[in-house]
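Okay, my_file.cif now, which holds mmCIF, C-alpha atoms:
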data_protein
loop_
_atom_site.label_atom_id
_atom_site.label_comp_id
_atom_site.auth_asym_id
_atom_site.auth_seq_id
_atom_site.Cartn_x
_atom_site.Cartn_y
_atom_site.Cartn_z
CA MET G 907 -2.64 -21.95 -13.83
CA VAL G 908 -4.00 -19.79 -10.99
CA GLU G 909 -7.69 -19.07 -10.81
CA HIS G 910 -10.20 -17.44 -8.54
CA LEU G 911 -12.74 -19.47 -6.64
CA PRO G 912 -15.53 -19.50 -7.67
CA GLN G 913 -14.80 -19.16 -11.35
CA ILE G 914 -16.40 -16.39 -13.36
CA PRO G 915 -18.53 -17.68 -16.26
CA GLN G 916 -16.96 -17.25 -19.67
CA ARG G 917 -18.59 -15.13 -22.35
CA ASP G 918 -19.92 -17.04 -25.33
CA ASN G 919 -18.90 -14.40 -27.88
CA PHE G 920 -15.57 -12.83 -27.01
CA ASN G 921 -14.94 -9.47 -28.68
CA LEU G 922 -11.22 -8.64 -28.61
CA MET G 923 -11.65 -4.96 -29.48
CA GLY G 924 -14.45 -4.60 -26.97
CA TRP G 925 -12.28 -6.20 -24.30
CA TYR G 926 -9.40 -3.87 -25.20
CA LYS G 927 -11.56 -0.75 -24.97
CA GLU G 928 -12.85 -1.83 -21.56
CA ILE G 929 -9.33 -1.90 -20.11
CA PRO G 930 -8.73 1.16 -17.89
CA CYS G 931 -6.43 3.86 -19.24
CA VAL G 932 -3.10 3.23 -17.49
CA THR G 933 -3.29 -0.55 -17.90
CA ARG G 934 -4.19 -0.15 -21.58
CA ILE G 935 -1.23 2.16 -22.20
CA TYR G 936 1.21 -0.23 -20.49
CA LEU G 937 -0.19 -3.31 -22.23
CA THR G 938 -0.09 -1.60 -25.64
CA ALA G 939 3.47 -0.36 -25.11
CA ALA G 940 4.66 -3.82 -24.02
CA PHE G 941 2.95 -5.59 -26.91
CA GLY G 942 4.17 -2.98 -29.39
CA THR G 943 7.76 -3.29 -28.15
CA THR G 944 7.64 -7.06 -28.56
CA ALA G 945 6.16 -6.71 -32.05
CA LEU G 946 8.91 -4.29 -33.11
CA CYS G 947 11.55 -6.72 -31.83
CA ALA G 948 9.90 -9.70 -33.55
CA LEU G 949 9.88 -7.79 -36.85
CA ASP G 950 13.54 -6.79 -36.37
CA PHE G 951 12.78 -3.07 -36.33
CA VAL G 952 14.26 -2.88 -32.84
CA SER G 953 16.89 -5.06 -31.17
CA PRO G 954 16.39 -6.24 -27.57
CA PHE G 955 20.05 -5.27 -27.06
CA SER G 956 19.00 -1.62 -27.40
CA LEU G 957 16.30 -2.01 -24.71
CA TYR G 958 17.85 -3.80 -21.74
CA PHE G 959 18.97 -2.14 -18.51
CA ASN G 960 22.68 -1.34 -18.48
CA TYR G 961 24.01 1.10 -15.89
CA LYS G 962 27.03 2.20 -17.90
CA LEU G 963 25.11 2.72 -21.13
CA ILE G 964 22.44 4.73 -19.32
CA PHE G 965 24.57 6.97 -17.13
CA HIS G 966 27.84 7.07 -19.07
CA LYS G 967 26.54 6.90 -22.66
CA PHE G 968 23.29 8.77 -21.82
CA GLN G 969 20.98 6.17 -23.34
CA TRP G 970 18.14 7.28 -21.07
CA TRP G 971 15.41 5.38 -22.92
CA ARG G 972 16.68 2.15 -21.35
CA LEU G 973 15.25 3.30 -18.01
CA LEU G 974 11.79 2.75 -19.51
CA THR G 975 12.22 0.17 -22.27
CA ASN G 976 13.56 -2.51 -19.93
CA PHE G 977 10.09 -2.56 -18.33
CA LEU G 978 8.37 -3.04 -21.70
CA PHE G 979 10.12 -6.10 -23.13
CA PHE G 980 8.90 -9.51 -21.92
CA GLY G 981 10.64 -11.63 -24.53
CA LEU G 982 9.69 -12.52 -28.09
CA PHE G 983 6.28 -14.00 -28.91
CA SER G 984 6.05 -17.32 -27.10
CA PHE G 985 4.08 -19.11 -24.42
CA ASP G 986 6.27 -17.43 -21.80
CA PHE G 987 5.44 -14.02 -23.30
CA LEU G 988 1.70 -14.76 -23.23
CA PHE G 989 2.01 -16.00 -19.65
CA HIS G 990 3.61 -12.75 -18.51
CA MET G 991 1.22 -10.60 -20.54
CA TYR G 992 -1.76 -12.35 -18.98
CA PHE G 993 -0.65 -11.79 -15.40
CA MET G 994 0.54 -8.25 -16.06
CA ALA G 995 -2.71 -7.22 -17.76
CA ARG G 996 -4.94 -9.04 -15.27
CA TYR G 997 -3.52 -7.73 -12.02
CA CYS G 998 -2.64 -4.29 -13.34
CA ARG G 999 -6.27 -3.97 -14.41
CA LEU G 1000 -7.63 -5.35 -11.13
CA LEU G 1001 -5.59 -2.83 -9.17
CA GLU G 1002 -6.62 0.10 -11.33
CA GLU G 1003 -10.31 -0.83 -11.35
CA ASP G 1004 -10.59 -1.85 -7.70
CA CYS G 1005 -7.95 -0.59 -5.26
CA PHE G 1006 -7.34 2.64 -7.21
CA ARG G 1007 -10.80 3.30 -8.61
CA GLY G 1008 -11.16 7.06 -9.00
CA ARG G 1009 -7.49 7.51 -7.99
CA THR G 1010 -5.64 7.08 -11.26
CA SER G 1011 -2.91 9.48 -10.17
CA SER G 1012 -2.20 7.32 -7.11
CA PHE G 1013 -1.94 4.27 -9.36
CA VAL G 1014 0.58 6.10 -11.55
CA VAL G 1015 2.55 7.00 -8.41
CA MET G 1016 2.62 3.30 -7.49
CA LEU G 1017 4.05 2.38 -10.88
CA LEU G 1018 6.60 5.22 -10.76
CA PHE G 1019 7.67 4.18 -7.27
CA GLY G 1020 8.11 0.60 -8.49
CA ILE G 1021 10.10 1.69 -11.54
CA GLY G 1022 12.31 3.96 -9.45
CA ALA G 1023 12.98 1.40 -6.69
CA MET G 1024 13.70 -1.42 -9.13
CA THR G 1025 16.00 0.80 -11.18
CA ALA G 1026 17.96 1.55 -8.00
CA ILE G 1027 18.24 -2.17 -7.20
CA ALA G 1028 19.04 -3.42 -10.72
CA PRO G 1029 22.77 -2.48 -10.86
CA PHE G 1030 23.46 -4.66 -7.81
CA VAL G 1031 21.72 -7.84 -9.03
CA SER G 1032 22.63 -7.97 -12.74
CA VAL G 1033 19.02 -7.93 -13.98
CA HIS G 1034 18.48 -6.66 -17.53
CA PHE G 1035 14.69 -6.61 -17.91
CA LEU G 1036 12.42 -5.59 -15.04
CA GLY G 1037 8.93 -5.92 -16.54
CA SER G 1038 8.34 -9.19 -14.71
CA SER G 1039 9.44 -7.62 -11.44
CA LEU G 1040 6.92 -4.82 -11.92
CA SER G 1041 4.21 -7.40 -12.60
CA PHE G 1042 5.15 -9.24 -9.41
CA MET G 1043 4.94 -6.00 -7.48
CA MET G 1044 1.37 -5.47 -8.71
CA ILE G 1045 0.43 -9.06 -7.88
CA TYR G 1046 1.87 -8.64 -4.38
CA VAL G 1047 -0.02 -5.40 -3.70
CA TRP G 1048 -3.26 -6.82 -5.11
CA GLY G 1049 -2.92 -9.92 -2.95
CA ARG G 1050 -2.34 -7.92 0.22
CA ARG G 1051 -5.37 -5.74 -0.55
CA ASN G 1052 -7.62 -8.76 -1.18
CA LYS G 1053 -6.59 -11.08 1.61
CA HIS G 1054 -9.92 -12.93 1.80
CA ILE G 1055 -10.17 -13.91 -1.88
CA ARG G 1056 -9.78 -17.66 -2.38
CA MET G 1057 -7.74 -18.98 -5.29
CA SER G 1058 -6.36 -22.30 -6.47
CA LEU G 1059 -3.40 -23.74 -8.36
CA PHE G 1060 -4.61 -25.88 -11.27
CA GLY G 1061 -7.89 -26.20 -9.38
CA LEU G 1062 -6.21 -28.57 -6.89
CA PHE G 1063 -4.41 -26.54 -4.23
CA PRO G 1064 -6.52 -23.77 -2.64
CA PHE G 1065 -4.98 -20.71 -1.01
CA THR G 1066 -5.86 -17.07 -0.35
CA ALA G 1067 -4.74 -14.10 -2.43
CA PRO G 1068 -1.81 -12.91 -0.24
CA TYR G 1069 -0.05 -16.22 -0.99
CA LEU G 1070 -0.37 -15.81 -4.77
CA PRO G 1071 3.11 -14.27 -5.35
CA TRP G 1072 4.70 -17.00 -3.21
CA VAL G 1073 2.87 -19.71 -5.15
CA MET G 1074 4.00 -18.18 -8.43
CA LEU G 1075 7.56 -17.87 -7.12
CA ALA G 1076 7.62 -21.55 -6.15
CA PHE G 1077 6.16 -22.56 -9.52
CA SER G 1078 8.75 -20.44 -11.35
CA MET G 1079 11.59 -22.01 -9.38
CA LEU G 1080 10.26 -25.50 -10.14
CA MET G 1081 10.47 -24.55 -13.81
CA GLY G 1082 14.17 -23.81 -13.31
CA ASN G 1083 13.98 -20.00 -13.27
CA SER G 1084 15.99 -17.75 -10.97
CA PRO G 1085 13.95 -16.26 -8.10
CA THR G 1086 15.79 -12.92 -8.26
CA ILE G 1087 13.39 -11.07 -10.56
CA ASP G 1088 10.32 -12.25 -8.66
CA LEU G 1089 11.84 -11.43 -5.27
CA ILE G 1090 12.69 -7.90 -6.41
CA GLY G 1091 9.04 -7.34 -7.32
CA MET G 1092 7.81 -8.74 -4.02
CA ALA G 1093 10.28 -6.66 -1.98
CA VAL G 1094 9.35 -3.43 -3.76
CA GLY G 1095 5.66 -4.34 -3.51
CA HIS G 1096 6.05 -4.76 0.25
CA MET G 1097 7.74 -1.38 0.55
CA TYR G 1098 4.96 0.29 -1.40
CA PHE G 1099 2.22 -1.48 0.54
CA PHE G 1100 3.72 -0.29 3.82
CA ALA G 1101 4.18 3.29 2.60
CA GLU G 1102 0.69 3.60 1.09
CA PHE G 1103 -1.56 1.50 3.32
CA VAL G 1104 0.22 0.90 6.65
CA TYR G 1105 2.24 4.05 7.35
CA PRO G 1106 -0.75 6.48 7.19
CA LYS G 1107 -2.54 4.50 9.93
CA LEU G 1108 0.59 4.48 12.12
CA ALA G 1109 1.12 8.20 11.53
CA GLU G 1110 -2.46 8.98 12.55
CA ILE G 1111 -2.31 6.83 15.70
CA ARG G 1112 1.03 8.27 16.82
CA GLY G 1113 0.29 11.84 15.77
CA TRP G 1114 3.16 12.19 13.32
CA ARG G 1115 3.21 15.41 11.32
CA ILE G 1116 3.69 13.71 7.94
CA ARG G 1117 0.61 11.55 7.45
CA ARG G 1118 1.07 10.29 3.88
CA LEU G 1119 4.15 9.40 1.85
CA MET G 1120 2.61 8.54 -1.52
CA ASP G 1121 0.26 11.43 -2.24
CA PRO G 1122 0.43 12.29 -5.98
CA PRO G 1123 1.45 15.87 -6.87
CA LEU G 1124 -1.26 18.29 -7.94
CA ILE G 1125 -0.01 18.39 -11.54
CA LEU G 1126 -0.42 14.61 -11.84
CA LYS G 1127 -3.95 14.80 -10.41
CA TRP G 1128 -4.71 17.47 -12.99
CA ILE G 1129 -3.35 15.34 -15.86
CA CYS G 1130 -5.50 12.42 -14.65
CA GLY G 1131 -8.58 14.64 -14.50
CA GLU G 1132 -8.99 14.46 -10.72
CA VAL G 1133 -8.97 18.22 -10.07
#
Output the structure of this file as structure tokens.
Amino acid sequence: MVEHLPQIPQRDNFNLMGWYKEIPCVTRIYLTAAFGTTALCALDFVSPFSLYFNYKLIFHKFQWWRLLTNFLFFGLFSFDFLFHMYFMARYCRLLEEDCFRGRTSSFVVMLLFGIGAMTAIAPFVSVHFLGSSLSFMMIYVWGRRNKHIRMSLFGLFPFTAPYLPWVMLAFSMLMGNSPTIDLIGMAVGHMYFFAEFVYPKLAEIRGWRIRRLMDPPLILKWICGEV
């Protein structure tokens, strides 16, 4: 649906395992967990009803796993599932390989911030699965960090990368979907973009004592092999 301009030539012999091994670590873990969760649901080993976000079940019945699993389920195997997997894997990978190259811990902080913010919003908007919102957050941040990249919709309507989430939102609404999930991702993405890329510049110009809000803790840097 959405493609870069100019297009990258396709490989003649596509190796699925080779492609999988080339995916950076955090993106590969998330993609594998999401695909595995869907497979378990499709085989009836796990019910989607045990995965969705439910405030009362989480904080009154102590079903803490729902805080994570609602970000891993994108629906059963279908075209819609493949659509979401494609955009999640593509822009998660682009962020990790480009904007966060050599800063894996900062990329993890971005995902944790997104998960935390969306979890705080979810009880007020009656959203049960937030994986698509997290994908939209990544698309928003990637677009803002690559504002000069040209793209197109179906090869007919050109636009630049910062407009990608808005184009996808409009397309989703034309398909009859609610904009709530997408808007949550865009709002959280905007908050993260300001905190990580705008605030430090303002703090330096104005001489504020706290210069960065999203620095990863030392233990996370150690886990990611950065210290």
Would you tabulate, counting only C-alpha atoms, all residues of range 965-1050 of chain G that have an atom at most 12 Å from an atom of range 931-936 of chain G, showing the closest pair of atoms and their distance in Å to one decimal, sorted by chain then ascending number, as a tab-separated table?
residue	atom	partner	partner_atom	distance
G:Leu974	CA	G:Tyr936	CA	11.0
G:Thr975	CA	G:Tyr936	CA	11.2
G:Phe977	CA	G:Tyr936	CA	9.4
G:Leu978	CA	G:Tyr936	CA	7.8
G:Phe979	CA	G:Tyr936	CA	11.0
G:Met991	CA	G:Tyr936	CA	10.4
G:Tyr992	CA	G:Thr933	CA	11.9
G:Phe993	CA	G:Thr933	CA	11.8
G:Met994	CA	G:Thr933	CA	8.8
G:Ala995	CA	G:Thr933	CA	6.7
G:Arg996	CA	G:Thr933	CA	9.0
G:Tyr997	CA	G:Thr933	CA	9.3
G:Cys998	CA	G:Thr933	CA	5.9
G:Arg999	CA	G:Thr933	CA	5.7
G:Leu1000	CA	G:Thr933	CA	9.4
G:Leu1001	CA	G:Thr933	CA	9.3
G:Glu1002	CA	G:Thr933	CA	7.4
G:Glu1003	CA	G:Thr933	CA	9.6
G:Phe1006	CA	G:Val932	CA	11.1
G:Arg1007	CA	G:Cys931	CA	11.5
G:Gly1008	CA	G:Cys931	CA	11.7
G:Arg1009	CA	G:Val932	CA	11.3
G:Thr1010	CA	G:Val932	CA	7.8
G:Ser1011	CA	G:Val932	CA	9.6
G:Ser1012	CA	G:Val932	CA	11.2
G:Phe1013	CA	G:Val932	CA	8.3
G:Val1014	CA	G:Val932	CA	7.6
G:Val1015	CA	G:Val932	CA	11.3
G:Met1016	CA	G:Val932	CA	11.5
G:Leu1017	CA	G:Val932	CA	9.8
G:Leu1018	CA	G:Val932	CA	12.0
G:Gly1037	CA	G:Tyr936	CA	10.4
G:Leu1040	CA	G:Tyr936	CA	11.3
G:Ser1041	CA	G:Tyr936	CA	11.1
G:Met1044	CA	G:Thr933	CA	11.4
Near Trp971 in chain G, counting only C-alpha atoms, which residues have an atom at most 10 Å away, once you skip same-chain residues fewer than 6 positions from it, shown as a tab-separated table (two decimals) with C-alpha atoms, in the frame of the given file?
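The resulting file, part02.tsv, is reproduced below:
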chain	number	residue	atom	x	y	z
G	956	SER	CA	19.00	-1.62	-27.40
G	957	LEU	CA	16.30	-2.01	-24.71
G	958	TYR	CA	17.85	-3.80	-21.74
G	959	PHE	CA	18.97	-2.14	-18.51
G	964	ILE	CA	22.44	4.73	-19.32
Under the rule of at most 12 Å, produce a per-residue listing of range 965-1051 of chain G near range 1056-1067 of chain G: chain, number, name, the closest pair of atoms, and the distance in Å, as CSV, using all atoms listed in the file.
residue,atom,partner,partner_atom,distance
G:Tyr997,CA,G:Ala1067,CA,11.6
G:Ile1045,CA,G:Ala1067,CA,9.0
G:Tyr1046,CA,G:Ala1067,CA,8.8
G:Val1047,CA,G:Ala1067,CA,10.0
G:Trp1048,CA,G:Ala1067,CA,7.9
G:Gly1049,CA,G:Ala1067,CA,4.6
G:Arg1050,CA,G:Ala1067,CA,7.1
G:Arg1051,CA,G:Ala1067,CA,8.6
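What the PyMOL selection byres ((chain G and resi 1071) around 9) grabs from this file is Phe1042, Met1043, Ile1045, Tyr1046, Gly1049, Ala1067, Pro1068, Tyr1069, Leu1070, Trp1072, Val1073, Met1074, Leu1075, Ala1076, Asp1088 and Met1092 of chain G.
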Exercise. Nearest to Tyr961 in chain G: which of G:His990, G:Arg1117, G:His1034, G:His1096 is it, counting all atoms listed in the file?
Worked result: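 Of G:His990, G:Arg1117, G:His1034, G:His1096, the one nearest Tyr961 in chain G is G:His1034, counting all atoms listed in the file.
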Legend entry - For CA of Thr938 in chain G and CA of Tyr1098 in chain G, the interatomic separation in Å (one decimal):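 CA of Tyr1098 in chain G lies 24.8 Å from CA of Thr938 in chain G.
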Check your understanding: In Å, how far is it from CA of His966 in chain G to CA of Ala1093 in chain G?
Key ->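 Going from CA of His966 in chain G over to CA of Ala1093 in chain G covers 28.1 Å.
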Item checked: Å distance separating CA of Phe1035 in chain G from CA of Asn976 in chain G, one decimal place ->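 Atom-to-atom, CA of Phe1035 in chain G to CA of Asn976 in chain G, that is 4.7 Å.
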Please evaluate the PyMOL selection byres ((chain G and resi 944) around 10) against the structure above and give the resulting residues as a CSV table (one decimal) with C-alpha atoms, in the coordinates of the input.
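Saved result, selection_30.csv, follows:
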chain,number,residue,atom,x,y,z
G,938,THR,CA,-0.1,-1.6,-25.6
G,939,ALA,CA,3.5,-0.4,-25.1
G,940,ALA,CA,4.7,-3.8,-24.0
G,941,PHE,CA,3.0,-5.6,-26.9
G,942,GLY,CA,4.2,-3.0,-29.4
G,943,THR,CA,7.8,-3.3,-28.2
G,945,ALA,CA,6.2,-6.7,-32.0
G,946,LEU,CA,8.9,-4.3,-33.1
G,947,CYS,CA,11.6,-6.7,-31.8
G,948,ALA,CA,9.9,-9.7,-33.6
G,949,LEU,CA,9.9,-7.8,-36.8
G,950,ASP,CA,13.5,-6.8,-36.4
G,952,VAL,CA,14.3,-2.9,-32.8
G,953,SER,CA,16.9,-5.1,-31.2
G,954,PRO,CA,16.4,-6.2,-27.6
G,978,LEU,CA,8.4,-3.0,-21.7
G,979,PHE,CA,10.1,-6.1,-23.1
G,980,PHE,CA,8.9,-9.5,-21.9
G,981,GLY,CA,10.6,-11.6,-24.5
G,982,LEU,CA,9.7,-12.5,-28.1
G,983,PHE,CA,6.3,-14.0,-28.9
G,987,PHE,CA,5.4,-14.0,-23.3
Since the input is missing atoms for range 924-942 of chain G, could you rebuild it with N, CA, C and O atoms and give the result as a PDB file, in the coordinates of the input?
ATOM      1  N   GLY G 924     -13.624  -5.035 -28.091  1.00  0.00           N
ATOM      2  CA  GLY G 924     -14.450  -4.600 -26.970  1.00  0.00           C
ATOM      3  C   GLY G 924     -13.743  -4.787 -25.648  1.00  0.00           C
ATOM      4  O   GLY G 924     -13.796  -3.930 -24.766  1.00  0.00           O
ATOM      5  N   TRP G 925     -13.062  -5.935 -25.510  1.00  0.00           N
ATOM      6  CA  TRP G 925     -12.280  -6.200 -24.300  1.00  0.00           C
ATOM      7  C   TRP G 925     -11.183  -5.163 -24.144  1.00  0.00           C
ATOM      8  O   TRP G 925     -10.950  -4.649 -23.039  1.00  0.00           O
ATOM      9  N   TYR G 926     -10.496  -4.827 -25.245  1.00  0.00           N
ATOM     10  CA  TYR G 926      -9.400  -3.870 -25.200  1.00  0.00           C
ATOM     11  C   TYR G 926      -9.893  -2.488 -24.768  1.00  0.00           C
ATOM     12  O   TYR G 926      -9.260  -1.812 -23.946  1.00  0.00           O
ATOM     13  N   LYS G 927     -11.029  -2.068 -25.300  1.00  0.00           N
ATOM     14  CA  LYS G 927     -11.560  -0.750 -24.970  1.00  0.00           C
ATOM     15  C   LYS G 927     -12.048  -0.664 -23.533  1.00  0.00           C
ATOM     16  O   LYS G 927     -12.121   0.431 -22.957  1.00  0.00           O
ATOM     17  N   GLU G 928     -12.376  -1.816 -22.952  1.00  0.00           N
ATOM     18  CA  GLU G 928     -12.850  -1.830 -21.560  1.00  0.00           C
ATOM     19  C   GLU G 928     -11.705  -1.727 -20.555  1.00  0.00           C
ATOM     20  O   GLU G 928     -11.940  -1.447 -19.379  1.00  0.00           O
ATOM     21  N   ILE G 929     -10.489  -1.961 -21.007  1.00  0.00           N
ATOM     22  CA  ILE G 929      -9.330  -1.900 -20.110  1.00  0.00           C
ATOM     23  C   ILE G 929      -9.135  -0.455 -19.654  1.00  0.00           C
ATOM     24  O   ILE G 929      -9.141   0.464 -20.477  1.00  0.00           O
ATOM     25  N   PRO G 930      -8.954  -0.207 -18.363  1.00  0.00           N
ATOM     26  CA  PRO G 930      -8.730   1.160 -17.890  1.00  0.00           C
ATOM     27  C   PRO G 930      -7.468   1.769 -18.483  1.00  0.00           C
ATOM     28  O   PRO G 930      -6.555   1.064 -18.922  1.00  0.00           O
ATOM     29  N   CYS G 931      -7.404   3.094 -18.468  1.00  0.00           N
ATOM     30  CA  CYS G 931      -6.430   3.860 -19.240  1.00  0.00           C
ATOM     31  C   CYS G 931      -4.979   3.458 -19.007  1.00  0.00           C
ATOM     32  O   CYS G 931      -4.258   3.142 -19.957  1.00  0.00           O
ATOM     33  N   VAL G 932      -4.521   3.477 -17.769  1.00  0.00           N
ATOM     34  CA  VAL G 932      -3.100   3.230 -17.490  1.00  0.00           C
ATOM     35  C   VAL G 932      -2.709   1.808 -17.879  1.00  0.00           C
ATOM     36  O   VAL G 932      -1.663   1.585 -18.497  1.00  0.00           O
ATOM     37  N   THR G 933      -3.560   0.845 -17.541  1.00  0.00           N
ATOM     38  CA  THR G 933      -3.290  -0.550 -17.900  1.00  0.00           C
ATOM     39  C   THR G 933      -3.250  -0.705 -19.412  1.00  0.00           C
ATOM     40  O   THR G 933      -2.376  -1.421 -19.949  1.00  0.00           O
ATOM     41  N   ARG G 934      -4.159  -0.049 -20.122  1.00  0.00           N
ATOM     42  CA  ARG G 934      -4.190  -0.150 -21.580  1.00  0.00           C
ATOM     43  C   ARG G 934      -2.923   0.428 -22.201  1.00  0.00           C
ATOM     44  O   ARG G 934      -2.364  -0.129 -23.155  1.00  0.00           O
ATOM     45  N   ILE G 935      -2.452   1.549 -21.670  1.00  0.00           N
ATOM     46  CA  ILE G 935      -1.230   2.160 -22.200  1.00  0.00           C
ATOM     47  C   ILE G 935      -0.036   1.228 -21.990  1.00  0.00           C
ATOM     48  O   ILE G 935       0.775   1.007 -22.903  1.00  0.00           O
ATOM     49  N   TYR G 936       0.075   0.658 -20.787  1.00  0.00           N
ATOM     50  CA  TYR G 936       1.210  -0.230 -20.490  1.00  0.00           C
ATOM     51  C   TYR G 936       1.140  -1.497 -21.342  1.00  0.00           C
ATOM     52  O   TYR G 936       2.145  -1.934 -21.919  1.00  0.00           O
ATOM     53  N   LEU G 937      -0.031  -2.093 -21.437  1.00  0.00           N
ATOM     54  CA  LEU G 937      -0.190  -3.310 -22.230  1.00  0.00           C
ATOM     55  C   LEU G 937       0.131  -3.050 -23.704  1.00  0.00           C
ATOM     56  O   LEU G 937       0.824  -3.841 -24.347  1.00  0.00           O
ATOM     57  N   THR G 938      -0.349  -1.939 -24.240  1.00  0.00           N
ATOM     58  CA  THR G 938      -0.090  -1.600 -25.640  1.00  0.00           C
ATOM     59  C   THR G 938       1.389  -1.357 -25.884  1.00  0.00           C
ATOM     60  O   THR G 938       1.950  -1.818 -26.884  1.00  0.00           O
ATOM     61  N   ALA G 939       2.046  -0.647 -24.959  1.00  0.00           N
ATOM     62  CA  ALA G 939       3.470  -0.360 -25.110  1.00  0.00           C
ATOM     63  C   ALA G 939       4.291  -1.651 -25.054  1.00  0.00           C
ATOM     64  O   ALA G 939       5.232  -1.838 -25.835  1.00  0.00           O
ATOM     65  N   ALA G 940       3.935  -2.562 -24.138  1.00  0.00           N
ATOM     66  CA  ALA G 940       4.660  -3.820 -24.020  1.00  0.00           C
ATOM     67  C   ALA G 940       4.467  -4.688 -25.254  1.00  0.00           C
ATOM     68  O   ALA G 940       5.429  -5.267 -25.789  1.00  0.00           O
ATOM     69  N   PHE G 941       3.227  -4.787 -25.712  1.00  0.00           N
ATOM     70  CA  PHE G 941       2.950  -5.590 -26.910  1.00  0.00           C
ATOM     71  C   PHE G 941       3.617  -4.978 -28.129  1.00  0.00           C
ATOM     72  O   PHE G 941       4.196  -5.693 -28.958  1.00  0.00           O
ATOM     73  N   GLY G 942       3.545  -3.653 -28.249  1.00  0.00           N
ATOM     74  CA  GLY G 942       4.170  -2.980 -29.390  1.00  0.00           C
ATOM     75  C   GLY G 942       5.675  -3.154 -29.402  1.00  0.00           C
ATOM     76  O   GLY G 942       6.284  -3.358 -30.461  1.00  0.00           O
TER      77      GLY G 942
END
